[in-house]
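File shown: final34.txt. Contents: compact mmCIF, C-alpha atoms.
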```
# COMPACT_ATOMS: atom_id res chain seq x y z
CA MET K 732 0.00 0.00 0.00
CA GLU K 733 1.38 3.40 -1.01
CA LYS K 734 2.53 5.55 1.90
CA TYR K 735 1.40 9.17 2.19
CA ASP K 736 3.05 11.89 4.27
CA ILE K 737 0.37 14.50 4.90
CA HIS K 738 1.20 17.82 6.55
CA ILE K 739 -1.72 19.85 7.94
CA VAL K 740 -1.05 23.52 8.75
CA GLY K 741 -3.71 25.01 11.03
CA MET K 742 -5.51 22.81 13.52
CA GLY K 743 -8.79 24.69 13.86
CA ASN K 744 -12.16 23.23 12.92
CA LEU K 745 -11.21 22.18 9.39
CA GLY K 746 -7.74 20.96 10.31
CA THR K 747 -9.14 18.75 13.06
CA ALA K 748 -11.88 17.54 10.68
CA PHE K 749 -9.14 16.37 8.31
CA LEU K 750 -7.29 14.80 11.23
CA SER K 751 -10.37 12.89 12.39
CA GLY K 752 -11.18 11.77 8.85
CA PHE K 753 -7.64 10.58 8.13
CA GLU K 754 -7.35 8.82 11.49
CA SER K 755 -10.39 6.68 10.69
CA LEU K 756 -8.99 5.44 7.38
CA ASP K 757 -7.23 2.10 7.09
CA LEU K 758 -4.48 3.58 4.94
CA ASN K 759 -0.73 4.03 5.19
CA ILE K 760 -0.78 7.71 6.19
CA GLU K 761 1.72 9.53 8.38
CA LEU K 762 0.36 12.82 9.66
CA PHE K 763 2.38 15.91 10.57
CA LEU K 764 0.49 18.68 12.34
CA TYR K 765 1.31 22.38 12.75
CA ASP K 766 -0.26 25.35 14.52
CA ASP K 767 1.31 28.51 15.88
CA SER K 768 -0.98 28.58 18.94
CA SER K 769 0.35 26.78 22.02
CA ASP K 770 -3.21 26.41 23.32
CA VAL K 771 -4.29 24.65 20.11
CA ARG K 772 -1.23 22.40 20.23
CA GLU K 773 -2.12 21.41 23.78
CA ILE K 774 -5.73 20.63 22.81
CA ILE K 775 -4.58 18.38 19.95
CA LYS K 776 -2.16 16.64 22.29
CA ASN K 777 -4.89 16.01 24.88
CA ASN K 778 -7.67 15.03 22.47
CA TYR K 779 -5.77 13.15 19.77
CA LEU K 780 -2.49 12.16 21.49
CA LYS K 781 -0.65 13.80 18.59
CA ASP K 782 2.32 16.13 18.72
CA THR K 783 1.75 19.42 16.92
CA TYR K 784 4.56 21.78 15.96
CA ASP K 785 4.68 25.56 15.72
CA HIS K 786 6.24 25.74 12.24
CA ILE K 787 6.84 23.54 9.24
CA PRO K 788 10.29 22.09 8.55
CA SER K 789 11.75 21.62 5.07
CA ILE K 790 9.23 19.45 3.19
CA GLU K 791 10.42 17.76 0.00
CA ASP K 792 7.50 15.47 -0.88
CA GLY K 793 4.03 14.40 0.21
CA VAL K 794 0.94 16.58 0.62
CA LEU K 795 0.68 19.96 2.36
CA ILE K 796 -2.88 20.94 3.39
CA LEU K 797 -3.29 24.62 4.26
CA CYS K 798 -6.14 24.92 6.79
CA MET K 799 -5.42 28.54 7.61
CA LYS K 800 -7.39 31.75 7.81
CA PRO K 801 -7.23 33.81 4.60
CA GLN K 802 -5.66 36.78 6.41
CA ASN K 803 -2.68 34.63 7.46
CA ILE K 804 -1.93 32.82 4.22
CA ILE K 805 0.27 35.41 2.46
CA SER K 806 2.61 35.80 5.43
CA PHE K 807 2.79 32.00 5.58
CA PHE K 808 3.92 31.88 1.94
CA ASP K 809 6.45 34.67 2.49
CA ASN K 810 7.95 32.89 5.49
CA ASN K 811 7.85 29.30 4.24
CA LYS K 812 8.06 29.20 0.44
CA GLU K 813 11.73 28.16 0.61
CA ASN K 814 10.79 25.20 2.84
CA ILE K 815 8.29 23.69 0.39
CA GLY K 816 9.90 21.49 -2.26
CA LYS K 817 8.53 21.61 -5.80
CA ASN K 818 7.33 17.98 -5.64
CA VAL K 819 4.99 18.69 -2.73
CA LEU K 820 1.28 18.67 -3.59
CA VAL K 821 -0.13 21.89 -2.13
CA CYS K 822 -3.76 21.37 -1.17
CA SER K 823 -5.69 24.51 -0.27
CA PRO K 824 -9.15 24.72 1.29
CA VAL K 825 -8.59 28.41 2.11
CA ALA K 826 -11.70 30.42 1.24
CA GLY K 827 -11.06 32.86 -1.59
CA LEU K 828 -7.50 31.70 -2.25
CA GLU K 829 -7.19 31.17 -6.00
CA ILE K 830 -4.71 28.82 -7.63
CA GLY K 831 -3.18 31.76 -9.51
CA THR K 832 -2.45 33.55 -6.23
CA ILE K 833 -0.67 30.50 -4.82
CA GLU K 834 1.35 30.25 -8.04
CA GLN K 835 2.79 33.71 -7.33
CA TYR K 836 4.65 32.11 -4.41
CA LEU K 837 4.95 28.38 -5.21
CA LYS K 838 5.64 26.55 -8.46
CA ASN K 839 4.01 23.35 -7.25
CA PRO K 840 1.14 21.12 -8.26
CA ILE K 841 -1.81 22.82 -6.57
CA LEU K 842 -5.15 21.31 -5.64
CA ARG K 843 -7.86 23.74 -4.58
CA ILE K 844 -10.67 22.18 -2.58
CA MET K 845 -13.63 23.42 -0.54
CA PRO K 846 -14.68 20.59 1.79
CA ASN K 847 -17.26 20.86 4.53
CA LEU K 848 -16.71 19.62 8.06
CA LEU K 849 -18.47 16.30 7.38
CA ILE K 850 -15.12 14.97 6.15
CA ARG K 851 -14.46 14.15 9.80
CA ASP K 852 -17.01 11.33 9.44
CA ASN K 853 -15.93 10.43 5.89
CA SER K 854 -19.24 11.76 4.57
CA GLY K 855 -18.22 15.19 3.29
CA PHE K 856 -18.50 16.84 -0.08
CA ILE K 857 -15.18 17.87 -1.66
CA PRO K 858 -15.28 20.01 -4.81
CA PHE K 859 -11.88 20.51 -6.40
CA SER K 860 -9.92 22.25 -9.12
CA SER K 861 -6.23 21.90 -9.95
CA ASN K 862 -3.38 23.27 -12.05
CA TYR K 863 -2.21 19.84 -13.25
CA GLU K 864 -3.44 16.99 -15.41
CA GLU K 865 -4.54 13.57 -14.18
CA ASP K 866 -4.31 12.79 -10.45
CA TYR K 867 -0.96 13.81 -8.98
CA LEU K 868 0.20 11.29 -6.35
CA SER K 869 -3.21 9.61 -6.85
CA PHE K 870 -4.24 11.74 -3.88
CA ILE K 871 -7.83 12.24 -5.04
CA LYS K 872 -8.42 8.58 -5.82
CA ASN K 873 -6.64 7.07 -2.83
CA ILE K 874 -7.29 9.65 -0.09
CA LEU K 875 -9.91 12.34 -0.76
CA ASN K 876 -12.39 9.81 -2.15
CA LYS K 877 -12.33 8.12 1.24
CA LEU K 878 -13.44 11.32 2.99
CA GLY K 879 -16.65 11.78 1.00
CA THR K 880 -18.01 12.62 -2.43
CA VAL K 881 -15.43 14.28 -4.71
CA LYS K 882 -16.29 16.28 -7.84
CA GLU K 883 -14.25 18.51 -10.14
CA PHE K 884 -15.49 22.03 -10.91
CA ASP K 885 -14.18 24.95 -12.91
CA GLU K 886 -12.43 27.24 -10.46
CA SER K 887 -14.73 30.13 -11.41
CA MET K 888 -17.52 28.28 -9.55
CA PHE K 889 -15.66 28.22 -6.24
CA PRO K 890 -17.14 31.42 -4.78
CA ILE K 891 -20.63 29.91 -5.16
CA ILE K 892 -19.49 26.50 -3.92
CA THR K 893 -17.84 28.12 -0.92
CA ALA K 894 -21.12 29.87 -0.08
CA ILE K 895 -23.43 26.87 -0.39
CA SER K 896 -21.17 23.95 0.58
CA GLY K 897 -18.22 25.23 2.58
CA SER K 898 -20.52 27.42 4.67
CA GLY K 899 -23.45 25.05 4.23
CA PRO K 900 -23.47 23.51 7.71
CA ALA K 901 -23.88 26.98 9.22
CA TRP K 902 -27.04 27.64 7.18
CA PHE K 903 -28.67 24.47 8.51
CA TYR K 904 -27.46 25.17 12.05
CA GLU K 905 -28.96 28.66 11.86
CA LEU K 906 -32.29 27.33 10.57
CA SER K 907 -32.29 24.72 13.32
CA LYS K 908 -31.50 27.35 15.94
CA GLN K 909 -34.41 29.51 14.79
CA ILE K 910 -36.81 26.54 14.89
CA VAL K 911 -35.60 25.78 18.42
CA ASN K 912 -36.22 29.40 19.40
CA SER K 913 -39.71 29.27 17.88
CA GLY K 914 -40.53 26.12 19.84
CA PHE K 915 -39.44 27.89 23.01
CA GLU K 916 -41.49 31.00 22.23
CA LEU K 917 -44.54 28.83 21.58
CA GLY K 918 -44.35 27.09 24.94
CA LEU K 919 -41.73 24.32 24.98
CA ARG K 920 -38.80 24.43 27.33
CA GLU K 921 -35.68 25.38 25.42
CA GLU K 922 -33.92 22.08 26.14
CA GLU K 923 -37.03 20.19 24.97
CA SER K 924 -37.19 22.15 21.73
CA GLU K 925 -33.46 21.62 21.07
CA MET K 926 -33.74 17.90 21.81
CA ILE K 927 -36.61 17.54 19.31
CA ILE K 928 -34.73 19.36 16.54
CA LYS K 929 -31.47 17.50 17.13
CA ASN K 930 -33.33 14.19 16.87
CA LEU K 931 -35.01 15.43 13.70
CA VAL K 932 -31.70 16.53 12.13
CA ASN K 933 -30.11 13.17 13.02
CA ALA K 934 -32.95 11.35 11.26
CA LEU K 935 -33.03 13.43 8.07
CA PRO K 936 -30.14 11.69 6.22
CA SER K 937 -32.10 8.42 6.23
CA LEU K 938 -34.84 10.14 4.21
CA LEU K 939 -32.52 11.38 1.46
CA ASN K 940 -31.88 9.49 -1.77
CA ASP K 941 -30.49 10.23 -5.22
CA GLU K 942 -33.80 9.73 -7.01
CA GLU K 943 -35.92 12.35 -5.24
CA THR K 944 -35.43 16.10 -5.36
CA PHE K 945 -35.93 18.29 -2.31
CA ASN K 946 -39.22 19.41 -3.83
CA ASP K 947 -40.29 15.76 -3.98
CA LEU K 948 -39.39 15.35 -0.32
CA ILE K 949 -41.34 18.46 0.67
CA ASN K 950 -44.41 17.19 -1.15
CA LYS K 951 -44.15 13.86 0.70
CA VAL K 952 -44.34 15.67 4.04
CA LYS K 953 -47.05 18.22 3.36
CA SER K 954 -50.70 17.50 2.72
CA PRO K 955 -53.40 19.86 1.35
CA GLY K 956 -54.80 22.06 4.10
CA GLY K 957 -52.45 20.57 6.70
CA THR K 958 -50.04 22.06 9.23
CA THR K 959 -46.96 21.76 7.03
CA GLU K 960 -48.65 23.54 4.14
CA ALA K 961 -49.75 26.33 6.45
CA GLY K 962 -46.18 26.90 7.59
CA LEU K 963 -44.78 26.69 4.05
CA ASN K 964 -47.34 29.23 2.85
CA SER K 965 -46.15 31.59 5.58
CA LEU K 966 -42.55 31.16 4.41
CA ASP K 967 -43.61 31.98 0.85
CA ASN K 968 -45.58 35.03 1.96
CA ASN K 969 -42.58 36.32 3.90
CA SER K 970 -40.20 35.90 0.94
CA PHE K 971 -38.18 33.05 2.44
CA ASP K 972 -36.70 32.38 -1.01
CA LYS K 973 -35.37 35.93 -1.24
CA VAL K 974 -33.89 35.77 2.26
CA ILE K 975 -31.99 32.59 1.38
CA PHE K 976 -30.89 33.90 -2.01
CA GLU K 977 -29.55 37.11 -0.51
CA ALA K 978 -27.63 35.17 2.12
CA MET K 979 -26.00 33.01 -0.57
CA GLN K 980 -25.35 36.09 -2.69
CA LYS K 981 -23.64 37.92 0.20
CA ALA K 982 -21.50 34.88 1.04
CA THR K 983 -20.54 34.44 -2.62
CA GLN K 984 -19.64 38.11 -2.95
CA ARG K 985 -17.49 37.96 0.17
CA SER K 986 -15.59 35.00 -1.29
CA ILE K 987 -14.93 37.04 -4.45
CA GLU K 988 -13.76 40.00 -2.34
CA ILE K 989 -11.36 37.79 -0.39
CA SER K 990 -9.91 36.47 -3.67
CA LYS K 991 -9.27 40.05 -4.83
CA GLU K 992 -7.74 41.01 -1.50
CA LEU K 993 -5.37 38.04 -1.53
CA SER K 994 -4.34 38.49 -5.17
CA ASN K 995 -3.46 42.14 -4.51
CA GLU K 996 -1.38 41.48 -1.39
```

For this file, produce the structure as structure tokens.
Amino acid sequence: MEKYDIHIVGMGNLGTAFLSGFESLDLNIELFLYDDSSDVREIIKNNYLKDTYDHIPSIEDGVLILCMKPQNIISFFDNNKENIGKNVLVCSPVAGLEIGTIEQYLKNPILRIMPNLLIRDNSGFIPFSSNYEEDYLSFIKNILNKLGTVKEFDESMFPIITAISGSGPAWFYELSKQIVNSGFELGLREEESEMIIKNLVNALPSLLNDEETFNDLINKVKSPGGTTEAGLNSLDNNSFDKVIFEAMQKATQRSIEISKELSNE
């Protein structure tokens, strides 16, 4: 079995999601972890029994995954570009960071991805774009495919993908939070309302399938003149579609703005 050295820089939510996902795979992977925060390094040590370092060494091969905040990425390149060998696959899930911007600092094979946090359970969605042909190091086939569903997109679609997939969990969490709040306002205890919604969210994946659209699923739940239809009519009357569209539009626009900010650094 081919051995992979995978270096993860930044052990926040996404970095630890990668760590959890990789740890669960029965593959020949050696992980190297980095974070400049001593508190984060201590958390990783306590929770995962893994040593985490404050800076990367000289890396000549393997995969480098950049799980960093956009505002920190340019200084990282300035400080570390000499330590990253040209055979290293640079894998970037940094929001707004375009392949062309990375190429200003590194002449490496570059894989841009935008996974969601479900990769920690090997059930994520991982859109990707790259600056190379075929599958360098067979990383997509042998590794990313094990973390969830992988699909190639033109890089121009990444601002939209970032808004609906990368940020996607937050939209569902926010909707769930508002339903919990409504249950509380209507008479349930808050912990009761949250328990009901968490059980509902846990059950929803079992109702999904590839054959039915979300509209099909809605129609299976509602009935003419029933409670569900009454609530859906209220959403329509209050322009729920416009609220959602504007949220996606704002998130997409912010991704485009970040790309411009990074390319002009």

Practice problem: Rank nothing, just name the residue among K:Leu849, K:Leu919, K:Ile857, K:Leu966 nearest to Pro900 (chain K), using all atoms listed in the file. | Solution: K:Leu849

Practice problem: For region 865-874 of chain K, work out the shell of residues within 12 Å, counting all atoms listed in the file and skipping chain neighbours fewer than 5 positions away, then give it as a PyMOL selection string. | Solution: chain K and resi 732-737+749+752-760+792-796+818-822+839-844+850+853+857-860+879-883

Quiz item: Of the candidates K:Glu992, K:Gln835, K:Ser789, K:Ser854, which one gets nearest to Phe808 (chain K) if we count all atoms listed in the file?
Solution: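 Of K:Glu992, K:Gln835, K:Ser789, K:Ser854, the one nearest Phe808 (chain K) is K:Gln835, counting all atoms listed in the file.
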
Quiz item: Looking at only C-alpha atoms, which of K:Thr747, K:Asn778, K:Ser994, K:Gln909 is the one that sits closest to Tyr765 (chain K)?
Solution: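 Closest residue, counting only C-alpha atoms: K:Thr747.
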
Quiz item: Neighbours of Leu797 (chain K) within 8 Å (all atoms listed in the file; same-chain residues fewer than 3 positions away dropped), as a list of chain:residue names?
Solution: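 The filter keeps K:Ile739, K:Val740, K:Gly741, K:Val821, K:Cys822, K:Ser823, K:Pro824, K:Val825.
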
Practice problem: Tell me which protein, DNA and RNA residues are within 8 Å of Ile989 (chain K), counting only C-alpha atoms, leaving out same-chain ones fewer than 2 positions away, and put them as a list in words. | Solution: Pro801, Ala826, Gly827, Leu828, Arg985, Ser986, Ile987, Lys991, Glu992 and Leu993 of chain K

Practice problem: Find, counting only C-alpha atoms, the residue in K:Thr893, K:Asn862, K:Asn847, K:Thr983 that gets nearest to Ile833 (chain K). | Solution: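 Checking each of K:Thr893, K:Asn862, K:Asn847, K:Thr983 against Ile833 (chain K), counting only C-alpha atoms, the winner is K:Asn862.
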
Quiz item: How many Å lie between CA of Asp767 (chain K) and CA of Ser751 (chain K), rounded to one decimal?
Solution: 19.8 Å

Quiz item: Which distance in Å separates CA of Ala982 (chain K) and CA of Ser898 (chain K), to one decimal?
Solution: 8.4 Å

Exercise. Compare K:Ile895, K:Met799, K:Ile910, K:Leu875 by their minimum atom-to-atom distance to Met926 (chain K), counting all atoms listed in the file, and give me the closest one.
Key: K:Ile910

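A straight line drawn from CA of Met742 (chain K) to CA of Cys798 (chain K) is 7.1 Å long.
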